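Shown next, in structure tokens, is the structure this report addresses.
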Amino acid sequence: MRPGALVELAGVVGSDRVREGSPEDAPAGGSPPLVVRPGSPEEVGEVLAWASSQGLAVVVRGGGTKPSWGAPARSCDLILETLGLDRLLEHEPGDLTCVAEAGMRLDQLQDRVSSVAGHRQRLMLDPAQGGGSTLGGLVATGASGPLRARYGTARELLLGARFALSDGTVARTGGTVVKNVAGYDLDKLLVGSLGTLAVVLEVSLRLHPTPEGSRMVALEGISPEVAASFCSRVRRAPVAPTLLEALWPEGTVLVRFDGSMAGALSQAGVVASLAPGARVLGEDEAGQFEERLRGRPWEGAGSVAGFALPVSRTGSLLELAEEGGLVRQLSLRAGLGVGEARLDEHPESLLRFRERVGALGGFVSAHRHQGPGAGGLDPLDPVAAELALAVKLALDPSGTLAPGRGPGGS
Amino acid sequence: MESERRRLDPSAREELRQVVGADWVLTDPDQLRTYECDGLTGWRAVPLAVVLPASTQQVAAVVGLCHRMGLPFVARGSGTGLSGGALPVEDGIVIGLSRMRAILSIDLENERVVVQPGVPNLEVTRAVAPHGFLYAPDPSSQRVCSIGGNVAENSGGAHCLKYGFTTNHVLAATLVTSDGRVAHLGAAVLDAPGYDLLGVVIGSEGTLGIVTEVTLRVIPQPETVKTLLAAFPSTDAAGEAVAGIIAAGVVPAAIEMMDRATIEAVEFAMHAGYPDCGAALLVELDGPAAECEALFGQVVTICRASGSEEVRVASDEAERALLWKGRRGAFSAMGRVSPDYYVQDGVVPRSRLAEVLGGIRELEARHGLRVANVFHAGDGNLHPLILYDRRSPDGPERAKALAEDILTLCLEAGGSLTGEHGVGRDKVCQMPKLFSITDQAAMHRVRGAFDPYGLANPGKLLPTPRLCGEHPGIYRPHPAELAGMAQRL
């Protein structure tokens with residue numbers, strides 16, 4: 001950074017909101033960037049307008065729980081932290097909706113929306129990184145966990161957003177009601193764009209009530225083949241699981257039912273009868289299994305990759321996990337064909353995993369990776385790639401936001 | 001004036017004929033008139049030509065020609081849209097997708113179906129129903145409306161309360177871009193790499209290109225469906241029950257409300273046997289039997305607590321059909337009790353339904369017109385029917401003024417301009433009520449990334465200074481509606 005930049009930036013947002021970054025703030029090898037924490041949506045716009053006019057590279061940071069998703073930014077002069085935007089702006093318990101600033105942490109939001117008398121509600125996202133993720137970060141990464149089986153990702157839960165573009169524009173998309181087709185659905189563009197198109201400022205979200213009853217079924221110590229056939233039977237059974245998760249190398253399938261106590265019990269009974277050895281867990285044991293789901297498969301060394309493949313091929317993926325070697329730990333949402341895998345520490349593991357999953361008709365994206373082939377936001381189709389680049393250039397013409405992480409290295 | 005109309009350049013006409021075959025390029029004024037409007041019949045325009053391609057390659061070649069000649073084009077499915085999204089432009093062509101109506105593949109193991117855009121919505125469910133599956137989005141025009149049109153409008157339906165909209169059920173699509181290139185968006189599996197361009201294309205009302213192939217998700221049929229009709233003394237009481245159901249965390253497959261005016265019309269026209277009451281709620285729950293039973297009891301309790309005088313439960317499929325009969329026939333019934341009606345499409349937060357319905361009653365009195373309400377209450381999507389007589393001197397104007405006031409009421413309550421009919425041409429000039437110039441500018445930028453020359457369905461969805469001085473004509477029933485094929489929501 002050139003001298004004087006800090007003083008100029010302090011002139012934009014006030015000196016208490018800017019600091020020199022530490023070496024940990026720098027992307028690999030770079031010099032420490034400045035770190036700015038704007039206190040209002042308008043200040044975010046002002047910071048971006050200033051940064052783009054100076055030709056600076058800006059990387060957005062929320063809770064800092066997923067810094068390694070996607071390709072690393074080529075350069076980073078300024079880290080824009082959203083943690084100063086952490087207010088809950090609206091919560092309508094009767095509508096099961098809320099509007100919050102993007103820097104609010106997931107656990108803060110859960111505390112607020114679950115504590116209204118007579119309304120125990122939650123945002124149904126359970127990313128492996130836990131409650132320290134910010135709402136904006138959950139939108140930018142599209143991160144989710146086992147609950148995706150029933151509730152989807154931010155794509156399904158986001159009703160509207162306010163965002164800032166790199167030229168300082170602050171705009172809105174969507175709304176706060178659960179049904180709305182007015183205007184382009186720019187919400188969808190923000191989800192999973194990894195901070196390359198806009199800075200998310202506010203999110204309008206759909207909430208769900210905390211269920212009254214819950215029952216979990218476990219099938220343990222099984223082969224990939226047994227797991228695949230059990231999952232397939234669960235999918236065809238007259239039940240609606242909240243999660244259907246295959247865990248490897250443990251060789252375990254977990255199925256959970258939430259809702260009325262009677263409904264959860266009955267569905268758990270149905271599923272437990274689908275395979276010998278499947279059993280309905282008691283409350284304590286279910287709690288222990290829930291604990292095991294948490295944080296998977298991130299604990300331990302090695303690249304972590306998200307994957308998606310046809311449900312019909314998930315048995316082959318479990319075989320790959322069973323072989324050991326390449327895949328160290330794997331969580332599969334068996335009803336959707338998506339999940340995350342932690343790989344062997346070999347630098348080429350990600351490439352090999354991508355090849356194997358690709359052969360099964362699927363995709364892999366890097367969530368934690370050092371070495372070649374992190375990949376970015378590049379669609380496989382060449383015309384789609386051109387469109388993606390055109391969208392990036394339309395919204396961030398100065399290439400200010402996380403340069404290098406966008407489509408075609410933009 | 002007909003004689004002053006621009007004509008399609010003869011060389012262009014010849015080229016179009018070579019692409020799609022001479023039979024599939026319509027330029028005869030009588031034939032063109034068939035395409036002059038969609039389901040919103042107050043807006044009409046005759047295009048230079050209508051072209052009916054049969055493949056992605058033909059669509060790409062036709063659009064490529066438009067790009068070279070600077071010719072605007074409007075994609076059209078079945079023409080059942082209610083916001084004028086398929087309204088032609090007079091100096092452009094209409095590209096009709098109705099010949100592309102093949103179901104290309106069905107893969108039930110992976111719960112997906114690949115279709116061409118002209119396939120009617122209901123055909124997808126019909127194709128998979130024998131195997132125990134269904135396609136969830138079910139707009140009321142589902143017998144006629146096309147999947148391509150559903151994608152353009154992000155269509156919902158009565159059951160989207162639980163199952164979501166078209167955008168939640170499309171995995172991939174082939175898009176012919178505004179310069180005639182062919183893009184494959186999304187993938188046969190979830191989480192295709194890159195920006196969610198497909199998510200923006202869905203609901204873009206034909207302004208970002210033409211979708212020529214769609215991969216849909218189908219879902220297993222629910223084990224049980226339970227339906228009840230609850231009678232209330234007033235819409236206030238019914239609105240309270242809706243808020244109670246939602247707040248209790250019950251997610252029915254559908255909650256539909258009908259007010260007294262609607263019930264009376266339905267009884268007059270089709271004798272559905274509805275109770276004589278101030279408002280009725282039709283509630284449908286589906287899913288695993290035990291879960292359904294438990295929730296159903298809860299719904300009945302909430303309805304009673306909110307003042308329901310009578311709860312009828314369908315005991316079999318025939319009774320269920322009977323309960324739905326009045327709801328499904330409500331619009332045609334309205335045609336029997338009022339010479340004309342205009343249907344509004346607005347959204348309010350569900351917790352404010354009763355309040356907004358009260359506001360609509362005040363507006364009725366102030367404007368001296370009757371409004372019948374029949375709508376998707378569970379997601380706050382209002383469809384007030386404004387009853388008027390076009391033969392009365394200021395009938396249409398008063399209806400329009402009342403419709404706009406109702407929309408303002410929705411927006412003041414924190415709602416939206418449109419829940420499912422789209423912006424199209426009808427509401428393009430009202431977009432500024434919901435989105436600032438800056439918001440619209442961001443949308444214009446995205447439009448420009450897809451369609452830099454503004455050839456794809458110009459004049460729809462986003463306002464331009466040139467557009468917004470005109471007024472729509474009066475409502476006239478669409479032929480499909482008269483034939484009982486389609487309804488207006």
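If you're wondering about the labels, chains in the structure tokens are A, B, ... by order shown, residues count from 1 in each chain, ligands from 1 in order shown.
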Find the nearest atom pair between each residue of chain A and chain B for residues within 7 Å, count only C-alpha atoms, give distances in Å to one decimal, sort rows by chain and ascending number, and present the table as JSON lines.
```
{"residue": "A:Pro93", "atom": "CA", "partner": "B:Ala247", "partner_atom": "CA", "distance": 6.9}
{"residue": "A:Gly94", "atom": "CA", "partner": "B:Ala247", "partner_atom": "CA", "distance": 4.8}
{"residue": "A:Asp95", "atom": "CA", "partner": "B:Arg350", "partner_atom": "CA", "distance": 5.6}
{"residue": "A:Ala171", "atom": "CA", "partner": "B:Asp439", "partner_atom": "CA", "distance": 4.6}
{"residue": "A:Arg172", "atom": "CA", "partner": "B:Asp439", "partner_atom": "CA", "distance": 5.4}
{"residue": "A:Thr173", "atom": "CA", "partner": "B:Asp439", "partner_atom": "CA", "distance": 7.0}
{"residue": "A:Val177", "atom": "CA", "partner": "B:Pro349", "partner_atom": "CA", "distance": 5.7}
{"residue": "A:Val178", "atom": "CA", "partner": "B:Asp379", "partner_atom": "CA", "distance": 6.3}
{"residue": "A:Lys179", "atom": "CA", "partner": "B:Gly419", "partner_atom": "CA", "distance": 5.3}
{"residue": "A:Asn180", "atom": "CA", "partner": "B:Gly419", "partner_atom": "CA", "distance": 4.4}
{"residue": "A:Val181", "atom": "CA", "partner": "B:Gly419", "partner_atom": "CA", "distance": 5.4}
{"residue": "A:Ala182", "atom": "CA", "partner": "B:Thr418", "partner_atom": "CA", "distance": 5.7}
{"residue": "A:Gly183", "atom": "CA", "partner": "B:Leu461", "partner_atom": "CA", "distance": 6.4}
{"residue": "A:Tyr184", "atom": "CA", "partner": "B:Ser204", "partner_atom": "CA", "distance": 5.7}
{"residue": "A:Asp185", "atom": "CA", "partner": "B:Val200", "partner_atom": "CA", "distance": 5.2}
{"residue": "A:Leu186", "atom": "CA", "partner": "B:Val200", "partner_atom": "CA", "distance": 6.2}
{"residue": "A:Lys188", "atom": "CA", "partner": "B:Gly199", "partner_atom": "CA", "distance": 5.3}
{"residue": "A:Leu189", "atom": "CA", "partner": "B:Asp196", "partner_atom": "CA", "distance": 5.3}
{"residue": "A:Gly192", "atom": "CA", "partner": "B:Tyr195", "partner_atom": "CA", "distance": 6.8}
{"residue": "A:Ser193", "atom": "CA", "partner": "B:Tyr195", "partner_atom": "CA", "distance": 5.9}
{"residue": "A:His208", "atom": "CA", "partner": "B:Gly249", "partner_atom": "CA", "distance": 6.9}
{"residue": "A:Pro209", "atom": "CA", "partner": "B:Gly249", "partner_atom": "CA", "distance": 5.2}
{"residue": "A:Pro238", "atom": "CA", "partner": "B:Glu223", "partner_atom": "CA", "distance": 5.4}
{"residue": "A:Val239", "atom": "CA", "partner": "B:Pro288", "partner_atom": "CA", "distance": 5.3}
{"residue": "A:Ala240", "atom": "CA", "partner": "B:Pro288", "partner_atom": "CA", "distance": 6.8}
{"residue": "A:Ser260", "atom": "CA", "partner": "B:Glu291", "partner_atom": "CA", "distance": 6.4}
{"residue": "A:Ala262", "atom": "CA", "partner": "B:Ala290", "partner_atom": "CA", "distance": 6.6}
{"residue": "A:Gly263", "atom": "CA", "partner": "B:Glu291", "partner_atom": "CA", "distance": 3.9}
{"residue": "A:Ser266", "atom": "CA", "partner": "B:Ala290", "partner_atom": "CA", "distance": 6.3}
{"residue": "A:Ala308", "atom": "CA", "partner": "B:Leu190", "partner_atom": "CA", "distance": 6.0}
{"residue": "A:Leu309", "atom": "CA", "partner": "B:Val189", "partner_atom": "CA", "distance": 5.7}
{"residue": "A:Pro310", "atom": "CA", "partner": "B:Val189", "partner_atom": "CA", "distance": 5.6}
{"residue": "A:Val311", "atom": "CA", "partner": "B:Asn110", "partner_atom": "CA", "distance": 5.7}
{"residue": "A:Ser312", "atom": "CA", "partner": "B:Asn110", "partner_atom": "CA", "distance": 6.0}
{"residue": "A:Gly362", "atom": "CA", "partner": "B:Val189", "partner_atom": "CA", "distance": 6.9}
{"residue": "A:Phe363", "atom": "CA", "partner": "B:Ala192", "partner_atom": "CA", "distance": 6.8}
{"residue": "A:Leu377", "atom": "CA", "partner": "B:Gly194", "partner_atom": "CA", "distance": 4.0}
{"residue": "A:Asp378", "atom": "CA", "partner": "B:Gly194", "partner_atom": "CA", "distance": 4.9}
{"residue": "A:Pro379", "atom": "CA", "partner": "B:Gly194", "partner_atom": "CA", "distance": 4.9}
{"residue": "A:Asp381", "atom": "CA", "partner": "B:His184", "partner_atom": "CA", "distance": 6.0}
{"residue": "A:Val383", "atom": "CA", "partner": "B:Ala183", "partner_atom": "CA", "distance": 4.9}
{"residue": "A:Ala384", "atom": "CA", "partner": "B:Ala183", "partner_atom": "CA", "distance": 5.2}
{"residue": "A:Leu387", "atom": "CA", "partner": "B:Phe450", "partner_atom": "CA", "distance": 6.5}
{"residue": "A:Ala388", "atom": "CA", "partner": "B:Tyr195", "partner_atom": "CA", "distance": 6.6}
{"residue": "A:Ala390", "atom": "CA", "partner": "B:Ala449", "partner_atom": "CA", "distance": 5.0}
{"residue": "A:Val391", "atom": "CA", "partner": "B:Ala449", "partner_atom": "CA", "distance": 5.3}
{"residue": "A:Ala394", "atom": "CA", "partner": "B:Arg445", "partner_atom": "CA", "distance": 5.6}
{"residue": "A:Leu395", "atom": "CA", "partner": "B:Arg445", "partner_atom": "CA", "distance": 6.8}
```
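Residues with any atom within 12 Å of Asp394 (chain B), counting only C-alpha atoms and excluding same-chain neighbours fewer than 5 positions away, are His367, Gly368, Leu369, Tyr388, Asp389, Ala399, Lys400, Ala401 and Ile474 of chain B.
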Leaving out region 67-75 of chain B and any residue of its chain fewer than 5 positions from it, which residues lie within 9 Å of it when counting only C-alpha atoms, given as a short mmCIF file (atom, residue, chain, number, x, y, z; two decimals) with N, CA and C atoms, in the first residue's frame?
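The new file part_20.cif reads:
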```cif
data_model
loop_
_atom_site.label_atom_id
_atom_site.label_comp_id
_atom_site.auth_asym_id
_atom_site.auth_seq_id
_atom_site.Cartn_x
_atom_site.Cartn_y
_atom_site.Cartn_z
N ALA B 12 -34.90 -11.06 -44.90
CA ALA B 12 -34.97 -11.66 -43.56
C ALA B 12 -36.04 -12.74 -43.55
N VAL B 62 -32.49 -18.18 -35.59
CA VAL B 62 -33.48 -17.09 -35.68
C VAL B 62 -33.01 -15.89 -34.86
N GLY B 85 -46.13 -10.33 -20.51
CA GLY B 85 -44.73 -10.67 -20.76
C GLY B 85 -44.49 -11.12 -22.18
N ALA B 86 -45.50 -11.71 -22.81
CA ALA B 86 -45.35 -12.17 -24.20
C ALA B 86 -46.02 -11.20 -25.18
N LEU B 87 -46.32 -9.99 -24.72
CA LEU B 87 -46.87 -8.97 -25.63
C LEU B 87 -45.83 -8.69 -26.72
N PRO B 88 -46.21 -8.80 -28.00
CA PRO B 88 -45.23 -8.56 -29.07
C PRO B 88 -44.77 -7.10 -29.10
N VAL B 89 -43.64 -6.87 -29.75
CA VAL B 89 -43.28 -5.50 -30.07
C VAL B 89 -43.55 -5.31 -31.57
N ASP B 91 -42.24 -3.62 -33.94
CA ASP B 91 -41.17 -3.64 -34.94
C ASP B 91 -40.28 -4.87 -34.74
N GLY B 92 -40.84 -5.89 -34.14
CA GLY B 92 -40.04 -7.10 -33.91
C GLY B 92 -40.81 -8.36 -34.25
N ILE B 93 -40.21 -9.50 -33.92
CA ILE B 93 -40.87 -10.77 -34.21
C ILE B 93 -41.19 -11.50 -32.91
N VAL B 94 -42.13 -12.43 -33.01
CA VAL B 94 -42.44 -13.33 -31.90
C VAL B 94 -41.84 -14.68 -32.24
N ILE B 95 -41.13 -15.25 -31.27
CA ILE B 95 -40.60 -16.60 -31.45
C ILE B 95 -41.43 -17.52 -30.57
N GLY B 96 -42.29 -18.30 -31.20
CA GLY B 96 -43.19 -19.20 -30.46
C GLY B 96 -42.52 -20.55 -30.26
N LEU B 97 -42.58 -21.03 -29.03
CA LEU B 97 -41.89 -22.29 -28.70
C LEU B 97 -42.84 -23.48 -28.66
N GLY B 149 -42.52 -20.94 -20.28
CA GLY B 149 -43.17 -19.78 -19.69
C GLY B 149 -43.03 -19.78 -18.17
N SER B 178 -28.95 -13.51 -26.52
CA SER B 178 -29.57 -12.53 -27.40
C SER B 178 -28.80 -12.32 -28.70
N ASP B 179 -27.59 -12.91 -28.79
CA ASP B 179 -26.87 -12.84 -30.07
C ASP B 179 -26.80 -14.21 -30.74
N GLY B 180 -27.60 -15.15 -30.23
CA GLY B 180 -27.72 -16.43 -30.94
C GLY B 180 -26.71 -17.49 -30.53
N GLY B 206 -38.08 -13.48 -20.09
CA GLY B 206 -37.67 -13.48 -21.49
C GLY B 206 -36.74 -12.35 -21.89
N THR B 207 -36.18 -11.64 -20.90
CA THR B 207 -35.33 -10.50 -21.24
C THR B 207 -33.84 -10.86 -21.28
N GLY B 209 -32.71 -13.87 -22.76
CA GLY B 209 -32.48 -14.90 -23.76
C GLY B 209 -33.68 -15.83 -23.81
N ILE B 210 -33.54 -16.92 -24.56
CA ILE B 210 -34.65 -17.88 -24.72
C ILE B 210 -34.20 -19.26 -24.25
N TYR B 453 -27.69 -5.18 -26.56
CA TYR B 453 -28.41 -4.34 -27.53
C TYR B 453 -29.91 -4.24 -27.21
N GLY B 454 -30.31 -4.85 -26.12
CA GLY B 454 -31.71 -4.71 -25.69
C GLY B 454 -32.71 -5.28 -26.68
N LEU B 455 -32.39 -6.43 -27.28
CA LEU B 455 -33.30 -7.02 -28.27
C LEU B 455 -34.27 -8.04 -27.67
N ALA B 456 -33.90 -8.59 -26.51
CA ALA B 456 -34.72 -9.65 -25.92
C ALA B 456 -35.86 -9.04 -25.12
N ASN B 457 -37.06 -9.20 -25.64
CA ASN B 457 -38.28 -8.72 -24.98
C ASN B 457 -38.17 -7.31 -24.42
N PRO B 458 -37.87 -6.34 -25.29
CA PRO B 458 -37.71 -4.97 -24.80
C PRO B 458 -39.02 -4.41 -24.26
#
```
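Interatomic distance, CA of Val214 (chain B) against CA of Val124 (chain B): 11.5 Å.
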For Glu250 (chain A): contacts at 12 Å, only C-alpha atoms, fewer than 6 positions along chain excluded, given as a list in words: Ala218, Leu219, Glu220, Gly221, Ile222, Ser223, Pro224, Ala227, Phe289, Arg292, Leu293, Pro297, Leu318, Ala321, Glu322, Gly324, Arg328, Gln329, Leu330 and Ser331 of chain A
Selection above as a file: N, CA and C atoms, as a short mmCIF file (atom, residue, chain, number, x, y, z; two decimals), in the first residue's frame:
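New file result.cif:
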```cif
data_model
loop_
_atom_site.label_atom_id
_atom_site.label_comp_id
_atom_site.auth_asym_id
_atom_site.auth_seq_id
_atom_site.Cartn_x
_atom_site.Cartn_y
_atom_site.Cartn_z
N ALA A 218 -29.96 -44.63 13.23
CA ALA A 218 -28.58 -44.86 12.81
C ALA A 218 -28.43 -46.28 12.28
N LEU A 219 -27.59 -46.36 11.25
CA LEU A 219 -27.19 -47.67 10.73
C LEU A 219 -25.66 -47.62 10.66
N GLU A 220 -25.01 -48.48 11.46
CA GLU A 220 -23.56 -48.33 11.62
C GLU A 220 -22.79 -49.53 11.10
N GLY A 221 -21.50 -49.28 10.85
CA GLY A 221 -20.59 -50.36 10.48
C GLY A 221 -20.97 -51.07 9.20
N ILE A 222 -21.40 -50.32 8.21
CA ILE A 222 -21.89 -50.95 6.98
C ILE A 222 -20.96 -50.68 5.81
N SER A 223 -21.16 -51.46 4.75
CA SER A 223 -20.36 -51.30 3.53
C SER A 223 -20.99 -50.20 2.68
N PRO A 224 -20.22 -49.67 1.71
CA PRO A 224 -20.77 -48.66 0.81
C PRO A 224 -22.04 -49.15 0.11
N ALA A 227 -24.93 -49.09 2.48
CA ALA A 227 -25.31 -47.69 2.73
C ALA A 227 -26.11 -47.13 1.57
N PHE A 289 -24.38 -38.48 18.44
CA PHE A 289 -24.24 -38.52 16.97
C PHE A 289 -24.28 -37.11 16.38
N ARG A 292 -21.01 -35.66 16.56
CA ARG A 292 -20.08 -36.16 15.54
C ARG A 292 -20.29 -35.47 14.19
N LEU A 293 -21.52 -35.05 13.93
CA LEU A 293 -21.79 -34.38 12.65
C LEU A 293 -21.13 -33.00 12.60
N PRO A 297 -16.10 -32.26 7.54
CA PRO A 297 -14.94 -33.11 7.75
C PRO A 297 -13.68 -32.27 7.90
N LEU A 318 -18.87 -43.53 -2.19
CA LEU A 318 -18.61 -44.15 -0.89
C LEU A 318 -17.55 -45.26 -1.03
N ALA A 321 -14.31 -43.61 -0.88
CA ALA A 321 -13.98 -43.25 0.50
C ALA A 321 -13.55 -44.49 1.28
N GLU A 322 -14.17 -45.61 0.98
CA GLU A 322 -13.87 -46.86 1.66
C GLU A 322 -12.44 -47.32 1.36
N GLY A 324 -9.91 -45.64 1.15
CA GLY A 324 -8.93 -44.89 1.93
C GLY A 324 -7.94 -44.25 1.00
N ARG A 328 -9.97 -38.88 3.11
CA ARG A 328 -9.75 -39.15 4.53
C ARG A 328 -11.06 -39.21 5.31
N GLN A 329 -11.93 -38.27 5.01
CA GLN A 329 -13.20 -38.22 5.72
C GLN A 329 -14.24 -37.61 4.79
N LEU A 330 -15.45 -38.13 4.88
CA LEU A 330 -16.45 -37.67 3.92
C LEU A 330 -17.82 -37.59 4.58
N SER A 331 -18.54 -36.50 4.28
CA SER A 331 -19.93 -36.35 4.70
C SER A 331 -20.76 -36.19 3.45
#
```
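Counting only C-alpha atoms, the residue from A:Ser398, A:Leu274, A:Val139, A:Glu319 that sits nearest to Gly195 (chain A) is A:Val139.
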Members of region 365-465 of chain B assigned strand (DSSP E) by DSSP, as JSON, numbers by chain: {"B": [370, 371, 372, 373, 374, 375, 376, 381, 382, 384, 385, 386, 387, 388]}
Could you write out the selected residues, including C-alpha atoms, as a PDB file, in the first residue's frame?
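Writing the result to part-v1.pdb gives the following:
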```pdb
ATOM      1  CA  ARG B 370     -66.983  -4.506  -5.528  1.00  0.00           C
ATOM      2  CA  VAL B 371     -63.858  -6.567  -4.938  1.00  0.00           C
ATOM      3  CA  ALA B 372     -63.875 -10.331  -4.567  1.00  0.00           C
ATOM      4  CA  ASN B 373     -60.913 -11.950  -2.865  1.00  0.00           C
ATOM      5  CA  VAL B 374     -59.745 -15.445  -3.696  1.00  0.00           C
ATOM      6  CA  PHE B 375     -56.086 -16.049  -3.140  1.00  0.00           C
ATOM      7  CA  HIS B 376     -53.057 -17.951  -1.834  1.00  0.00           C
ATOM      8  CA  ASN B 381     -50.280 -13.552  -2.240  1.00  0.00           C
ATOM      9  CA  LEU B 382     -53.500 -11.587  -2.819  1.00  0.00           C
ATOM     10  CA  PRO B 384     -58.331  -9.224  -5.558  1.00  0.00           C
ATOM     11  CA  LEU B 385     -60.818  -9.343  -8.427  1.00  0.00           C
ATOM     12  CA  ILE B 386     -62.135  -5.909  -9.160  1.00  0.00           C
ATOM     13  CA  LEU B 387     -65.633  -6.230 -10.577  1.00  0.00           C
ATOM     14  CA  TYR B 388     -66.746  -3.575 -13.028  1.00  0.00           C
TER      15      TYR B 388
END
```
Exercise: Val338 (chain A) partners within 6 Å, only C-alpha atoms, chain neighbours under 5 positions left out, as a PyMOL selection string: chain A and resi 307-308+332-333
